[in-house]
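Working notes for the structure below.
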Amino acid sequence: MDRLMVMRDEMKEELLQHIIPFWKSLRDEEMGGYYGWLSYDLALDKKSEKGCILNSRITWFFSNAYTLLRDESLLDEAKHGYEFLTNHCVDKEYGGIYWSLNYDGTPLDTTKHTYNQAFCIYALASYYEASGNQEALALAFSLFRLIEDKCRDEVGYLEAFTRDFKPESNEKLSENGVLADKTMNTLLHVFEAYTELYRVCSGKKETDLSAWKEQAEQVRGRITWMMDLIADKIYNPAKHRQEVFFDKNYNTILDLHSYGHDIETAWLVDRGLEVLGDEAYKEKISPITKALTSQIYRVAFDGHSLANECDRGVVNQNRIWWVQAETVVGFLNGYQKSPGHSEYRDAALAVWEFIKEYVVDKRSGSEWYWEVKQDGSAIEGRPIVEPWKCPYHNGRMCLEVIKRLT
């Protein structure tokens with residue numbers, strides 16, 4: 001059997017027998033949503049905070065798993081996540097999505113972050129596709145309008161706000177010793193969310209979406225606007241990479257190459273081009289996604305896995321779970337777009353072998369390690385579940401590979 005088909009079948013097994021059962025087991029039947037913390041030692045804290053990003057991503061995951069696999073239990077999980085988002089994560093007074101909640105669903109961190117609003121749109125759009133729930137679609141569009149009205153300026157998307165949408169500093173998505181006014185990461189995931197929202201609308205019958213047609217076209221317009229922003233401000237053509245942290249005018253403020261984000265961007269932007277079907281933008285943007293893929297292969301891939309990042313010339317060689325997952329999809333995408341680049345196919349296969357051997361945690365009751373060393377040895381202490389550690393990356397990898405190779 002072709003090696004790609006073997007990888008597809010192995011990923012389906014990982015999805016069905018490992019990832020899905022693990023996340024089902026974290027369902028909180030009493031307080032709603034999903035438990036927010038499982039330590040490295042596999043101790044479940046049922047009273048840990050519940051990140052709204054975590055619950056959005058879990059809702060997105062189960063929605064997409066149902067759409068592909070048509071297992072009704074997956075739709076039930078998606079509904080459970082959706083009800084937690086709408087009943088608890090949405091601020092009924094000021095609008096928008098909180099950053100995090102206490103274990104019982106009461107607000108904990110009431111920061112309104114653009115990144116967080118985007119992930120809820122991502123979840124709601126996918127839940128609408130899975131369930132046909134018009135209220136989910138209506139909430140997705142209301143969050144789209146909120147982002148456009150409150151979370152951007154004429155230059156691009158802003159980052160963090162108080163509960164009532166007064167600007168505040170961006171500690172949550174700033175790292176590496178800088179405090180950024182704007183980030184590549186937030187822009188990427190607004191782009192991703194809008195692409196998903198537009199995709200689920202464009203695939204529906206006209207009669208199903210007559211009330212949303214005008215707003216869907218506004219979403220399309222923002223997607224093309226972001227493509228221009230990526231090409232003109234985020235992408236560095238001299239270094240064949242994206243810049244990461246910026247001042248308010250998108251001037252870069254740190255010499256940082258985020259390998260995982262670049263390979264993720266390559267396939268997510270290609271997906272946006274596919275959804276839009278605009279030949280002019282394809283001609284403009286495709287060379288960038290090809291260059292990102294090529295550069296990551298050249299500077300970050302060592303033959304079996306991908307390093308984390310290069311900060312001011314120093315490479316972090318640890319292997320992060322989400323970076324490996326996005327690398328498989330990114331290199332497979334690069335190969336499918338350019339079949340002459342068989343090295344990308346081989347790289348995707350090699351990274352999957354590394355994931356199977358070292359990143360998947362073989363302990364009963366666990367899922368994937370957060371982080372391992374370059375040689376595959378586990379780095380102890382990082383939790384298995386926390387507000388950022390979720391099935392969004394590894395579950396999506398499985399779903400994408402299955403769909404792409406079927």
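Just remember, in the structure tokens the first chain shown is A, the second B, etc., residues are 1-based per chain, and ligands are 1-based in the order shown.
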
Practice task
Show which residues sit within 10 Å of His261 (chain A), as a ChimeraX atom specification. Count only C-alpha atoms, and ignore same-chain residues fewer than 2 positions away.
Solution key: /A:184-185,188,241-242,244,257-259,263-266,292,308-309,322-323,326-327

Residue subset to file, keeping C-alpha atoms, as a PDB file, in the first residue's frame:
```pdb
ATOM      1  CA  MET A 184       0.960  37.683  13.315  1.00  0.00           C
ATOM      2  CA  ASN A 185      -0.726  35.015  15.437  1.00  0.00           C
ATOM      3  CA  LEU A 188      -3.632  34.353  11.239  1.00  0.00           C
ATOM      4  CA  ARG A 241       9.346  34.145   6.577  1.00  0.00           C
ATOM      5  CA  GLN A 242       6.640  35.923   8.510  1.00  0.00           C
ATOM      6  CA  VAL A 244       5.751  37.752  14.484  1.00  0.00           C
ATOM      7  CA  HIS A 257      11.243  33.036  13.136  1.00  0.00           C
ATOM      8  CA  SER A 258       8.300  30.920  14.344  1.00  0.00           C
ATOM      9  CA  TYR A 259       8.670  27.729  12.353  1.00  0.00           C
ATOM     10  CA  ILE A 263       4.155  26.049   8.031  1.00  0.00           C
ATOM     11  CA  GLU A 264       0.656  26.397   9.508  1.00  0.00           C
ATOM     12  CA  THR A 265       0.151  29.688   7.675  1.00  0.00           C
ATOM     13  CA  ALA A 266       1.206  28.121   4.378  1.00  0.00           C
ATOM     14  CA  LEU A 292       7.142  29.657   3.418  1.00  0.00           C
ATOM     15  CA  ASN A 308      10.308  25.175  17.511  1.00  0.00           C
ATOM     16  CA  GLU A 309      11.623  28.626  16.607  1.00  0.00           C
ATOM     17  CA  TRP A 322       1.310  21.414  17.781  1.00  0.00           C
ATOM     18  CA  VAL A 323       4.306  22.301  15.615  1.00  0.00           C
ATOM     19  CA  GLU A 326       0.943  21.433  11.631  1.00  0.00           C
ATOM     20  CA  THR A 327       4.152  20.334   9.902  1.00  0.00           C
TER      21      THR A 327
END
```

Problem - strand (DSSP E) residues, from DSSP on the backbone, in region 19-174 of chain A, as a list in words - result: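 The residues of region 19-174 of chain A classed as strand (DSSP E) are Lys50, Gly51, Ser100, Leu101, Pro107, Leu108, Asp109, Lys112, His113, Ala160, Phe161, Pro167 and Glu168 of chain A.
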
Exercise for the section: Enter the distance from CA of Val315 (chain A) to CA of Gly177 (chain A), in Å, rounded to one decimal. Expected result: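 According to the coordinates, CA of Val315 (chain A) and CA of Gly177 (chain A) are separated by 15.9 Å.
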
Exercise for the section: Kindly indicate which residue among A:His240, A:Arg199, A:Lys248, A:Arg152 lies nearest to Tyr115 (chain A), using only C-alpha atoms for the distances. Expected result: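 Closest to Tyr115 (chain A), using only C-alpha atoms: A:Arg152.
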
Fill in the blank from the handout: note - CA of Ser377 (chain A) and CA of His304 (chain A) are separated by 14.0 Å

Exercise for the section: Please provide the set of residues having any atom within 8 Å of Ile97 (chain A), restricted to only C-alpha atoms, with same-chain residues fewer than 4 positions apart removed, written as a VMD selection string. Expected result: chain A and resid 52 89 to 91 112 to 113 116 to 117 120

What does the file look like for those residues with all heavy atoms, as a CSV table (one decimal), in the first residue's frame?
```csv
chain,number,residue,atom,x,y,z
A,52,CYS,N,-11.7,29.7,27.6
A,52,CYS,CA,-12.7,29.8,26.5
A,52,CYS,C,-12.1,29.3,25.2
A,52,CYS,O,-12.8,28.8,24.4
A,52,CYS,CB,-13.3,31.2,26.5
A,52,CYS,SG,-14.2,31.6,28.0
A,89,CYS,N,-19.5,31.3,28.2
A,89,CYS,CA,-18.4,32.1,27.7
A,89,CYS,C,-18.7,33.4,27.1
A,89,CYS,O,-17.9,34.3,27.0
A,89,CYS,CB,-17.6,31.2,26.6
A,89,CYS,SG,-16.9,29.7,27.3
A,90,VAL,N,-20.0,33.5,26.6
A,90,VAL,CA,-20.5,34.8,26.0
A,90,VAL,C,-20.8,35.8,27.1
A,90,VAL,O,-21.6,35.4,28.1
A,90,VAL,CB,-21.7,34.5,25.1
A,90,VAL,CG1,-22.3,35.9,24.6
A,90,VAL,CG2,-21.3,33.7,23.9
A,91,ASP,N,-20.3,37.0,27.0
A,91,ASP,CA,-20.6,38.0,28.0
A,91,ASP,C,-22.0,38.6,27.6
A,91,ASP,O,-22.1,39.3,26.6
A,91,ASP,CB,-19.5,39.1,28.0
A,91,ASP,CG,-19.7,40.2,29.0
A,91,ASP,OD1,-20.9,40.3,29.5
A,91,ASP,OD2,-18.8,40.9,29.3
A,112,LYS,N,-11.1,40.6,27.0
A,112,LYS,CA,-11.7,40.3,25.7
A,112,LYS,C,-10.5,40.4,24.7
A,112,LYS,O,-9.9,41.5,24.5
A,112,LYS,CB,-12.7,41.3,25.3
A,112,LYS,CG,-13.9,41.4,26.3
A,112,LYS,CD,-14.8,40.1,26.2
A,112,LYS,CE,-15.9,40.2,27.3
A,112,LYS,NZ,-16.8,41.3,27.2
A,113,HIS,N,-10.1,39.3,24.2
A,113,HIS,CA,-9.0,39.3,23.2
A,113,HIS,C,-9.5,38.9,21.9
A,113,HIS,O,-10.3,38.0,21.7
A,113,HIS,CB,-7.9,38.3,23.7
A,113,HIS,CG,-6.5,38.5,23.1
A,113,HIS,ND1,-6.3,38.4,21.8
A,113,HIS,CD2,-5.4,39.0,23.7
A,113,HIS,CE1,-5.0,38.7,21.6
A,113,HIS,NE2,-4.5,39.1,22.7
A,116,ASN,N,-9.4,35.3,20.9
A,116,ASN,CA,-10.4,34.5,21.5
A,116,ASN,C,-11.7,34.6,20.8
A,116,ASN,O,-12.5,33.6,20.6
A,116,ASN,CB,-10.5,34.9,23.0
A,116,ASN,CG,-11.0,33.8,23.9
A,116,ASN,OD1,-11.2,32.7,23.4
A,116,ASN,ND2,-11.2,34.1,25.1
A,117,GLN,N,-12.1,35.8,20.4
A,117,GLN,CA,-13.3,36.0,19.6
A,117,GLN,C,-13.2,35.2,18.3
A,117,GLN,O,-14.2,34.6,17.9
A,117,GLN,CB,-13.5,37.5,19.3
A,117,GLN,CG,-13.3,38.5,20.4
A,117,GLN,CD,-14.1,38.2,21.7
A,117,GLN,OE1,-15.3,38.0,21.7
A,117,GLN,NE2,-13.3,38.1,22.8
A,120,CYS,N,-13.9,31.5,18.8
A,120,CYS,CA,-15.3,31.2,19.0
A,120,CYS,C,-16.1,31.2,17.6
A,120,CYS,O,-16.9,30.3,17.4
A,120,CYS,CB,-15.9,32.1,20.0
A,120,CYS,SG,-17.5,31.5,20.6
```

Go through region 94-174 of chain A and flag each residue having an atom no more than 6 Å from region 61-72 of chain A; for those, report the closest pair of atoms plus their distance in Å to one decimal, using only C-alpha atoms, ordered by chain and rising number, as a Markdown table.
```
| residue | atom | partner | partner_atom | distance |
| --- | --- | --- | --- | --- |
| A:Ser126 | CA | A:Ser63 | CA | 5.8 |
| A:Tyr127 | CA | A:Ser63 | CA | 5.1 |
| A:Ala130 | CA | A:Thr67 | CA | 5.4 |
```

Would you export the selected residues with N, CA and C atoms as a PDB file, in the first residue's frame, please?
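Result file again03.pdb:
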```pdb
ATOM      1  N   SER A 126     -18.266  25.921  12.418  1.00  0.00           N
ATOM      2  CA  SER A 126     -18.200  24.477  12.227  1.00  0.00           C
ATOM      3  C   SER A 126     -19.386  23.773  12.874  1.00  0.00           C
ATOM      4  N   TYR A 127     -19.823  24.279  14.025  1.00  0.00           N
ATOM      5  CA  TYR A 127     -20.993  23.680  14.659  1.00  0.00           C
ATOM      6  C   TYR A 127     -22.246  23.908  13.804  1.00  0.00           C
ATOM      7  N   ALA A 130     -22.162  21.355  11.106  1.00  0.00           N
ATOM      8  CA  ALA A 130     -22.471  20.017  11.597  1.00  0.00           C
ATOM      9  C   ALA A 130     -23.945  19.858  11.957  1.00  0.00           C
TER      10      ALA A 130
END
```

Give me, as a tab-separated table (two decimals) with N, CA, C and O atoms, in the first residue's frame, the residues of region 103-167 of chain A that a backbone DSSP run labels helix (DSSP H, G or I).
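Output file part.tsv follows:
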```
chain	number	residue	atom	x	y	z
A	114	THR	N	-8.99	39.62	20.85
A	114	THR	CA	-9.43	39.38	19.48
A	114	THR	C	-9.22	37.92	19.08
A	114	THR	O	-10.07	37.31	18.43
A	115	TYR	N	-8.09	37.36	19.48
A	115	TYR	CA	-7.77	35.96	19.20
A	115	TYR	C	-8.87	35.04	19.71
A	115	TYR	O	-9.28	34.09	19.03
A	116	ASN	N	-9.36	35.33	20.89
A	116	ASN	CA	-10.39	34.50	21.51
A	116	ASN	C	-11.73	34.63	20.79
A	116	ASN	O	-12.46	33.65	20.62
A	117	GLN	N	-12.07	35.85	20.37
A	117	GLN	CA	-13.31	36.04	19.61
A	117	GLN	C	-13.24	35.22	18.31
A	117	GLN	O	-14.23	34.60	17.90
A	118	ALA	N	-12.06	35.22	17.69
A	118	ALA	CA	-11.90	34.50	16.43
A	118	ALA	C	-12.11	33.01	16.61
A	118	ALA	O	-12.77	32.36	15.79
A	119	PHE	N	-11.57	32.45	17.69
A	119	PHE	CA	-11.72	31.00	17.86
A	119	PHE	C	-13.16	30.61	18.15
A	119	PHE	O	-13.58	29.50	17.79
A	120	CYS	N	-13.90	31.48	18.76
A	120	CYS	CA	-15.31	31.16	18.96
A	120	CYS	C	-16.06	31.19	17.62
A	120	CYS	O	-16.93	30.35	17.37
A	121	ILE	N	-15.73	32.13	16.74
A	121	ILE	CA	-16.31	32.12	15.39
A	121	ILE	C	-15.98	30.81	14.69
A	121	ILE	O	-16.83	30.19	14.04
A	122	TYR	N	-14.74	30.39	14.81
A	122	TYR	CA	-14.28	29.14	14.20
A	122	TYR	C	-15.14	27.97	14.67
A	122	TYR	O	-15.60	27.14	13.85
A	123	ALA	N	-15.37	27.91	15.98
A	123	ALA	CA	-16.18	26.83	16.54
A	123	ALA	C	-17.64	26.93	16.09
A	123	ALA	O	-18.26	25.93	15.70
A	124	LEU	N	-18.20	28.12	16.14
A	124	LEU	CA	-19.61	28.30	15.82
A	124	LEU	C	-19.89	28.00	14.35
A	124	LEU	O	-20.93	27.39	14.02
A	125	ALA	N	-18.99	28.41	13.47
A	125	ALA	CA	-19.18	28.13	12.05
A	125	ALA	C	-19.19	26.63	11.79
A	125	ALA	O	-20.04	26.10	11.06
A	126	SER	N	-18.27	25.92	12.42
A	126	SER	CA	-18.20	24.48	12.23
A	126	SER	C	-19.39	23.77	12.87
A	126	SER	O	-19.89	22.78	12.34
A	127	TYR	N	-19.82	24.28	14.02
A	127	TYR	CA	-20.99	23.68	14.66
A	127	TYR	C	-22.25	23.91	13.80
A	127	TYR	O	-23.10	23.01	13.69
A	128	TYR	N	-22.34	25.07	13.19
A	128	TYR	CA	-23.45	25.32	12.28
A	128	TYR	C	-23.42	24.32	11.12
A	128	TYR	O	-24.45	23.74	10.75
A	129	GLU	N	-22.24	24.09	10.56
A	129	GLU	CA	-22.14	23.14	9.45
A	129	GLU	C	-22.57	21.74	9.89
A	129	GLU	O	-23.25	21.03	9.15
A	130	ALA	N	-22.16	21.36	11.11
A	130	ALA	CA	-22.47	20.02	11.60
A	130	ALA	C	-23.94	19.86	11.96
A	130	ALA	O	-24.55	18.81	11.71
A	131	SER	N	-24.53	20.89	12.56
A	131	SER	CA	-25.86	20.76	13.16
A	131	SER	C	-26.97	21.45	12.40
A	131	SER	O	-28.15	21.14	12.59
A	134	GLN	N	-29.13	27.52	13.28
A	134	GLN	CA	-29.07	28.90	12.79
A	134	GLN	C	-28.63	29.88	13.88
A	134	GLN	O	-28.04	30.92	13.58
A	135	GLU	N	-28.93	29.58	15.14
A	135	GLU	CA	-28.51	30.46	16.22
A	135	GLU	C	-26.99	30.49	16.35
A	135	GLU	O	-26.40	31.52	16.69
A	136	ALA	N	-26.34	29.37	16.07
A	136	ALA	CA	-24.88	29.33	16.09
A	136	ALA	C	-24.32	30.23	14.99
A	136	ALA	O	-23.35	30.97	15.21
A	137	LEU	N	-24.93	30.18	13.81
A	137	LEU	CA	-24.47	31.03	12.72
A	137	LEU	C	-24.71	32.50	13.04
A	137	LEU	O	-23.85	33.35	12.77
A	138	ALA	N	-25.85	32.81	13.64
A	138	ALA	CA	-26.15	34.20	14.01
A	138	ALA	C	-25.13	34.72	15.01
A	138	ALA	O	-24.66	35.87	14.90
A	139	LEU	N	-24.75	33.90	15.98
A	139	LEU	CA	-23.75	34.33	16.96
A	139	LEU	C	-22.39	34.50	16.30
A	139	LEU	O	-21.65	35.44	16.63
A	140	ALA	N	-22.06	33.63	15.37
A	140	ALA	CA	-20.78	33.77	14.64
A	140	ALA	C	-20.73	35.11	13.92
A	140	ALA	O	-19.71	35.82	13.97
A	141	PHE	N	-21.80	35.48	13.25
A	141	PHE	CA	-21.82	36.76	12.54
A	141	PHE	C	-21.81	37.95	13.51
A	141	PHE	O	-21.22	38.99	13.22
A	142	SER	N	-22.43	37.78	14.66
A	142	SER	CA	-22.40	38.88	15.63
A	142	SER	C	-20.99	39.09	16.15
A	142	SER	O	-20.56	40.24	16.38
A	143	LEU	N	-20.22	38.01	16.33
A	143	LEU	CA	-18.82	38.15	16.75
A	143	LEU	C	-17.96	38.72	15.63
A	143	LEU	O	-17.01	39.47	15.89
A	144	PHE	N	-18.28	38.38	14.40
A	144	PHE	CA	-17.60	39.00	13.26
A	144	PHE	C	-17.80	40.51	13.29
A	144	PHE	O	-16.84	41.29	13.16
A	145	ARG	N	-19.03	40.95	13.50
A	145	ARG	CA	-19.30	42.38	13.54
A	145	ARG	C	-18.60	43.03	14.74
A	145	ARG	O	-18.09	44.16	14.63
A	146	LEU	N	-18.56	42.31	15.86
A	146	LEU	CA	-17.89	42.85	17.04
A	146	LEU	C	-16.39	43.06	16.77
A	146	LEU	O	-15.83	44.10	17.12
A	147	ILE	N	-15.76	42.08	16.16
A	147	ILE	CA	-14.33	42.23	15.83
A	147	ILE	C	-14.12	43.42	14.92
A	147	ILE	O	-13.22	44.25	15.13
A	148	GLU	N	-14.95	43.53	13.90
A	148	GLU	CA	-14.77	44.61	12.94
A	148	GLU	C	-15.08	45.98	13.54
A	148	GLU	O	-14.46	46.98	13.18
A	149	ASP	N	-16.01	46.04	14.48
A	149	ASP	CA	-16.39	47.32	15.09
A	149	ASP	C	-15.47	47.74	16.23
A	149	ASP	O	-15.21	48.93	16.41
A	150	LYS	N	-14.97	46.77	16.99
A	150	LYS	CA	-14.28	47.10	18.24
A	150	LYS	C	-12.82	46.66	18.29
A	150	LYS	O	-12.07	47.15	19.16
```

Exercise for the section: Would you please work out which residue, of A:Val200, A:Ile384, A:Met7, A:Ile20, is nearest to Asp41 (chain A) when using only C-alpha atoms? Expected result: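 Smallest separation from Asp41 (chain A) among the options: A:Ile384.
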
Exercise for the section: Please provide the set of residues having any atom within 12 Å of Glu400 (chain A), restricted to only C-alpha atoms, with same-chain residues fewer than 3 positions apart removed, written as a ChimeraX atom specification. Expected result: /A:7-8,11-12,15,61,64-65,68,267-268,271,325-326,328-330,332-333,392-397,403-406

Problem - Selected residue, from A:Tyr94, A:Trp99, A:Trp23, A:Phe246, that lies nearest to Lys50 (chain A) when counting only C-alpha atoms - result: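 Distance minimum relative to Lys50 (chain A) lands on A:Trp99.
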